[in-house]
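One structure is given below, encoded as C-alpha cells.
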Amino acid sequence: MSRTVRTFEASITNQQQVRDDLDQLGWAASKLWNVGRYYAQQQWDKTGEIPDDGELKAELKSHERYTDLHSQSSQRVLEELAEAFNGWFGKRRNGDDRARPPGYRKHGDSHPRSTVSFKTAGFKHDAQFTRVRLSKGRNLKQHRSDFILCEYQTRPDVDLTEWDIQQVRAVHERDEWRLQFVCRTNIDPEPPGDEVAGVDLGICNFAAVSFGGESVLYPGGSLKEDEYYFTKQKAKCDDSSSSEATRLDHKRRGRRTHFLHALSKAIVEECVEREVGTIVVGDLGGIREDDGDGESRNWGDHGNLDLHGWAFDRFTTLLDYKAEAEGIDVELVSERDTSKSCSACGHTDDNQRVERGLYVCEKCDTVANADANGAENIRQKVLPSLATDGGDRDNGWLAQPAVHLFDRSEGVFAPREQVVNREP
C-alpha cells in the first residue's frame, strides 16, 4: 500500500463576503514573516547561524503578530521562512555568492497578502454544503466564535470526501482569493490488466491513443478556439494588467486546466475498460528546442500560438497521477521516427506522411491516420516487434480511428456522434 498526496484548487463562491477577513489574515502573515525575518537577521549578524523554525516559534510565540493568526498558521509562516533561509544558506555553502537571503514582504509602504495555511486544528470542512470554516487568530477575532466561512467550488470530477484533508491554504492571486486543499489517501490498486496503450501528443489532435487493434483521437479544437479567442480579447485591453485582462487570463487558465483534466480522465477510463496496465507517452521534451541556429523552432504562426498555450508537461503529470490511482504505470519514451515509420511493417521513409492527417506506406501499402500510426509506434516501443513482413495484420483500425470530442456543455469527452447530437 502506498500513500499519495494531491492538491486540489477551488474557487471561493462567496468572495465578497470573506474577502476583507482573508485580506486581514494575508496581511498578518506578511507582517509575521517580516518580524521573523528581522529576528533571523539579528541572529545571523551576532552568531553567523540561521535560527531554525523551532527557535523562531519559541522566540516569537508571544509576539502580537504571532497571535494575529491561528497558532498553526503562524507556525507554518515561520516554517516557510526557515526553509527559505536554509535554501539560501545551502547555496552560499556551495559557493553561489550571488544567492540572496529571503527578503521582507513589502510592496512600497504596504504589505502583500501572503498565503495563509491552516492545518487540521485550524479548519473544519463541511462537505455537505461545500464550505470550509477557517480560524482567525485571537487578535483578529471580534468575539470568541468569530471565524471565516468560505463556500467553494472544485472541478466537477473532484470529490473531497474520498480524501483525508491535511491542510487548507488561502492563496491570493490576480486580485482574488482561492483555496487549495492538500489531501492524502492510501492506495493499493491492482492493475486493470497487462495490455499496453500508446499516446501520441500533437497539435491538431491533442492526443491519439492506440490500444493495438483500435485507436482513439482526441482533437484539441476546443482548446485552440479558447486560446485564439482569449488572445484576441486580451489584445483589445488597453492595459495588460487591467482587471479585464486579469479576468480573461483567469478564465483562459481555468478552461485549459479543465480541458486537460477531462482529457487525462477520459484516457485513463478508456485504459481501465481495456485492461491496460501500462500507458506509453511520446516525450515532447524537445518540441520547443531550436533548429540548431540558436532560434526557437518555427511551427508557423498558428502552430507557435498553439504550442505556447499547451501545457504538455502539465497534461502528462495529470495523466500520471490519475493512472496511478488505477494501478496503471505511465512511461515516457522518445518520439524519434514514430511519425516516419510504418507501424505495420516497420519501414521508415521521410516521404510516407503524404499530408498532415494521412500516412501511406510504400512498402506494405498500409494506409493509416498519421497520428494513430504514431501512437501505435509509441506503443510498440515497450513491446516485442509486432511488425509483419507481409502486412498480414488487419490494420483498418489505423485508418479509421474513433474520434472523441470535448463536449463544452457537459465538460467531458464523448464520441463525436454524441457531441454533435447535443449541439443546438
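Each chain in the C-alpha cells gets a letter, A, B and so on, in the order shown; residues start at 1 in every chain, and ligands are counted from 1 in the order they appear.
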Excluding segment 165-182 of chain A and its own-chain neighbours fewer than 5 positions away, which residues fall within 9 Å of it when counting only C-alpha atoms? Please give them as a PyMOL selection string. chain A and resi 5-12+15+19+22-23+26+113-120+122-123+125+132+134+150+152+160+243+246-247+250
Show me, as a PDB file with C-alpha atoms, in the first residue's frame, the residues that have an atom within 8 Å of Ser74 of chain A when counting only C-alpha atoms, minus same-chain residues fewer than 6 positions from it.
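Contents of around_9.pdb, as written:
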ATOM      1  CA  ALA A  29       1.016  36.576   7.605  1.00  0.00           C
ATOM      2  CA  LEU A  32       4.745  37.920  10.910  1.00  0.00           C
ATOM      3  CA  TYR A  66       2.023  35.688  16.089  1.00  0.00           C
ATOM      4  CA  THR A  67      -1.423  35.811  17.692  1.00  0.00           C
TER       5      THR A  67
END
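We find atom CA of Val367 of chain A and atom CA of Asn205 of chain A to be spaced 18.2 Å apart.
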What's around Arg379 of chain A at 8 Å? Count only C-alpha atoms, leave out sequence neighbours fewer than 4 positions away in its own chain, and write the answer as a list in words.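 Contacts, with the query itself left out: Val196, Ala197, Gly198, Val199, Ser210, Phe211, Gly212, Ile279, Val280, Ala375 and Leu383 of chain A.
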For N, CA, C and O atoms, I'd like the residues from the last selection saved as a PDB file, in the first residue's frame.
ATOM      1  N   VAL A 196      -1.099  -2.768 -23.173  1.00  0.00           N
ATOM      2  CA  VAL A 196      -0.303  -1.542 -23.294  1.00  0.00           C
ATOM      3  C   VAL A 196      -1.006  -0.583 -24.251  1.00  0.00           C
ATOM      4  O   VAL A 196      -1.523  -0.994 -25.299  1.00  0.00           O
ATOM      5  N   ALA A 197      -1.041   0.710 -23.886  1.00  0.00           N
ATOM      6  CA  ALA A 197      -1.587   1.755 -24.756  1.00  0.00           C
ATOM      7  C   ALA A 197      -0.488   2.754 -25.076  1.00  0.00           C
ATOM      8  O   ALA A 197       0.369   3.041 -24.242  1.00  0.00           O
ATOM      9  N   GLY A 198      -0.496   3.275 -26.301  1.00  0.00           N
ATOM     10  CA  GLY A 198       0.461   4.298 -26.713  1.00  0.00           C
ATOM     11  C   GLY A 198      -0.242   5.623 -26.924  1.00  0.00           C
ATOM     12  O   GLY A 198      -1.351   5.661 -27.477  1.00  0.00           O
ATOM     13  N   VAL A 199       0.379   6.711 -26.488  1.00  0.00           N
ATOM     14  CA  VAL A 199      -0.221   8.041 -26.603  1.00  0.00           C
ATOM     15  C   VAL A 199       0.727   8.959 -27.368  1.00  0.00           C
ATOM     16  O   VAL A 199       1.884   9.146 -26.980  1.00  0.00           O
ATOM     17  N   SER A 210      -3.423   4.587 -29.093  1.00  0.00           N
ATOM     18  CA  SER A 210      -3.510   3.280 -29.733  1.00  0.00           C
ATOM     19  C   SER A 210      -3.564   2.203 -28.657  1.00  0.00           C
ATOM     20  O   SER A 210      -2.744   2.179 -27.748  1.00  0.00           O
ATOM     21  N   PHE A 211      -4.555   1.325 -28.780  1.00  0.00           N
ATOM     22  CA  PHE A 211      -4.686   0.201 -27.858  1.00  0.00           C
ATOM     23  C   PHE A 211      -4.238  -1.105 -28.530  1.00  0.00           C
ATOM     24  O   PHE A 211      -4.337  -2.164 -27.939  1.00  0.00           O
ATOM     25  N   GLY A 212      -3.767  -1.017 -29.787  1.00  0.00           N
ATOM     26  CA  GLY A 212      -3.375  -2.221 -30.517  1.00  0.00           C
ATOM     27  C   GLY A 212      -4.613  -2.975 -30.946  1.00  0.00           C
ATOM     28  O   GLY A 212      -5.073  -3.868 -30.248  1.00  0.00           O
ATOM     29  N   ILE A 279       0.703   2.732 -19.792  1.00  0.00           N
ATOM     30  CA  ILE A 279       0.480   3.766 -20.798  1.00  0.00           C
ATOM     31  C   ILE A 279       1.849   4.312 -21.201  1.00  0.00           C
ATOM     32  O   ILE A 279       2.626   4.739 -20.347  1.00  0.00           O
ATOM     33  N   VAL A 280       2.136   4.285 -22.488  1.00  0.00           N
ATOM     34  CA  VAL A 280       3.414   4.793 -23.001  1.00  0.00           C
ATOM     35  C   VAL A 280       3.143   6.111 -23.715  1.00  0.00           C
ATOM     36  O   VAL A 280       2.329   6.167 -24.632  1.00  0.00           O
ATOM     37  N   ALA A 375       0.927   6.863 -32.614  1.00  0.00           N
ATOM     38  CA  ALA A 375       0.593   6.314 -31.297  1.00  0.00           C
ATOM     39  C   ALA A 375       0.903   4.825 -31.225  1.00  0.00           C
ATOM     40  O   ALA A 375       1.387   4.323 -30.206  1.00  0.00           O
ATOM     41  N   LEU A 383       7.058  -3.053 -26.427  1.00  0.00           N
ATOM     42  CA  LEU A 383       6.582  -4.402 -26.738  1.00  0.00           C
ATOM     43  C   LEU A 383       7.548  -5.076 -27.695  1.00  0.00           C
ATOM     44  O   LEU A 383       8.317  -4.410 -28.402  1.00  0.00           O
TER      45      LEU A 383
END
Find the residues near segment 263-265 of chain A: any atom within 9 Å, counting only C-alpha atoms, skip ones fewer than 5 places away on the same chain, and give them as a ChimeraX atom specification. /A:157,207,218,258,270,315-316,318-320,322-323,406,412-413
Test item, strand (DSSP E) assignment across segment 186-327 of chain A, answer as a VMD selection string: chain A and resid 186 to 187 195 to 201 205 to 210 215 to 219 276 to 283
Could you write out, as a PyMOL selection string, all the residues of segment 11-113 of chain A that DSSP marks as alpha helix (DSSP H)? chain A and resi 15-47+53-60+71-93
Which residues are close to Trp163 of chain A, i.e. within 7 Å by only C-alpha atoms, leaving aside same-chain residues fewer than 4 positions away? Reply as a list of chain:residue names.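 My list of contacting residues is A:Cys183, A:Arg184, A:Thr185.
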Taking only C-alpha atoms into account, which of A:Leu140, A:Leu358, A:Val272, A:Cys237 comes nearest Glu190 of chain A? A:Val272
With only C-alpha atoms as the counted atoms, please give the residues lying no more than 8 Å from Ala368 of chain A, apart from itself and same-chain residues fewer than 2 positions off, as a list in words.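 Near Ala368 of chain A, the qualifying residues are Leu358, Tyr359, Val360, Thr366, Ala370, Ala372, Asn373, Asn395, Gly396, Leu398, Ala399 and Gln400 of chain A.
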Take the residues just selected and output them with N, CA and C atoms as a PDB file, in the first residue's frame.
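Final file, again.pdb:
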ATOM      1  N   LEU A 358      -2.600  11.957 -43.077  1.00  0.00           N
ATOM      2  CA  LEU A 358      -2.586  10.686 -43.799  1.00  0.00           C
ATOM      3  C   LEU A 358      -1.167  10.128 -43.877  1.00  0.00           C
ATOM      4  N   TYR A 359      -1.057   8.816 -43.622  1.00  0.00           N
ATOM      5  CA  TYR A 359       0.223   8.115 -43.725  1.00  0.00           C
ATOM      6  C   TYR A 359       0.027   6.929 -44.664  1.00  0.00           C
ATOM      7  N   VAL A 360       0.867   6.821 -45.685  1.00  0.00           N
ATOM      8  CA  VAL A 360       0.790   5.711 -46.635  1.00  0.00           C
ATOM      9  C   VAL A 360       2.161   5.067 -46.732  1.00  0.00           C
ATOM     10  N   THR A 366       0.088  -0.007 -46.388  1.00  0.00           N
ATOM     11  CA  THR A 366      -0.788   0.349 -45.270  1.00  0.00           C
ATOM     12  C   THR A 366      -1.183   1.820 -45.376  1.00  0.00           C
ATOM     13  N   ALA A 370      -2.276   9.438 -39.618  1.00  0.00           N
ATOM     14  CA  ALA A 370      -0.876   9.659 -39.229  1.00  0.00           C
ATOM     15  C   ALA A 370      -0.689   9.661 -37.718  1.00  0.00           C
ATOM     16  N   ALA A 372      -2.662   8.178 -35.427  1.00  0.00           N
ATOM     17  CA  ALA A 372      -2.883   6.826 -34.912  1.00  0.00           C
ATOM     18  C   ALA A 372      -1.673   5.947 -35.184  1.00  0.00           C
ATOM     19  N   ASN A 373      -1.065   6.128 -36.347  1.00  0.00           N
ATOM     20  CA  ASN A 373       0.159   5.379 -36.678  1.00  0.00           C
ATOM     21  C   ASN A 373       1.284   5.731 -35.699  1.00  0.00           C
ATOM     22  N   ASN A 395      -5.203  -3.879 -40.400  1.00  0.00           N
ATOM     23  CA  ASN A 395      -4.818  -2.546 -39.953  1.00  0.00           C
ATOM     24  C   ASN A 395      -5.887  -1.493 -40.242  1.00  0.00           C
ATOM     25  N   GLY A 396      -7.106  -1.940 -40.480  1.00  0.00           N
ATOM     26  CA  GLY A 396      -8.169  -0.981 -40.771  1.00  0.00           C
ATOM     27  C   GLY A 396      -8.399   0.014 -39.654  1.00  0.00           C
ATOM     28  N   LEU A 398      -6.267   1.485 -37.944  1.00  0.00           N
ATOM     29  CA  LEU A 398      -5.319   2.602 -38.040  1.00  0.00           C
ATOM     30  C   LEU A 398      -5.837   3.694 -38.962  1.00  0.00           C
ATOM     31  N   ALA A 399      -6.566   3.284 -40.002  1.00  0.00           N
ATOM     32  CA  ALA A 399      -7.077   4.249 -40.970  1.00  0.00           C
ATOM     33  C   ALA A 399      -8.358   4.922 -40.489  1.00  0.00           C
ATOM     34  N   GLN A 400      -9.105   4.241 -39.624  1.00  0.00           N
ATOM     35  CA  GLN A 400     -10.385   4.782 -39.168  1.00  0.00           C
ATOM     36  C   GLN A 400     -10.480   4.771 -37.641  1.00  0.00           C
TER      37      GLN A 400
END
Just the residues within 8 Å of Lys31 of chain A, please, counting only C-alpha atoms, with nothing from its chain fewer than 3 positions along; format it as a count of residues only. 7
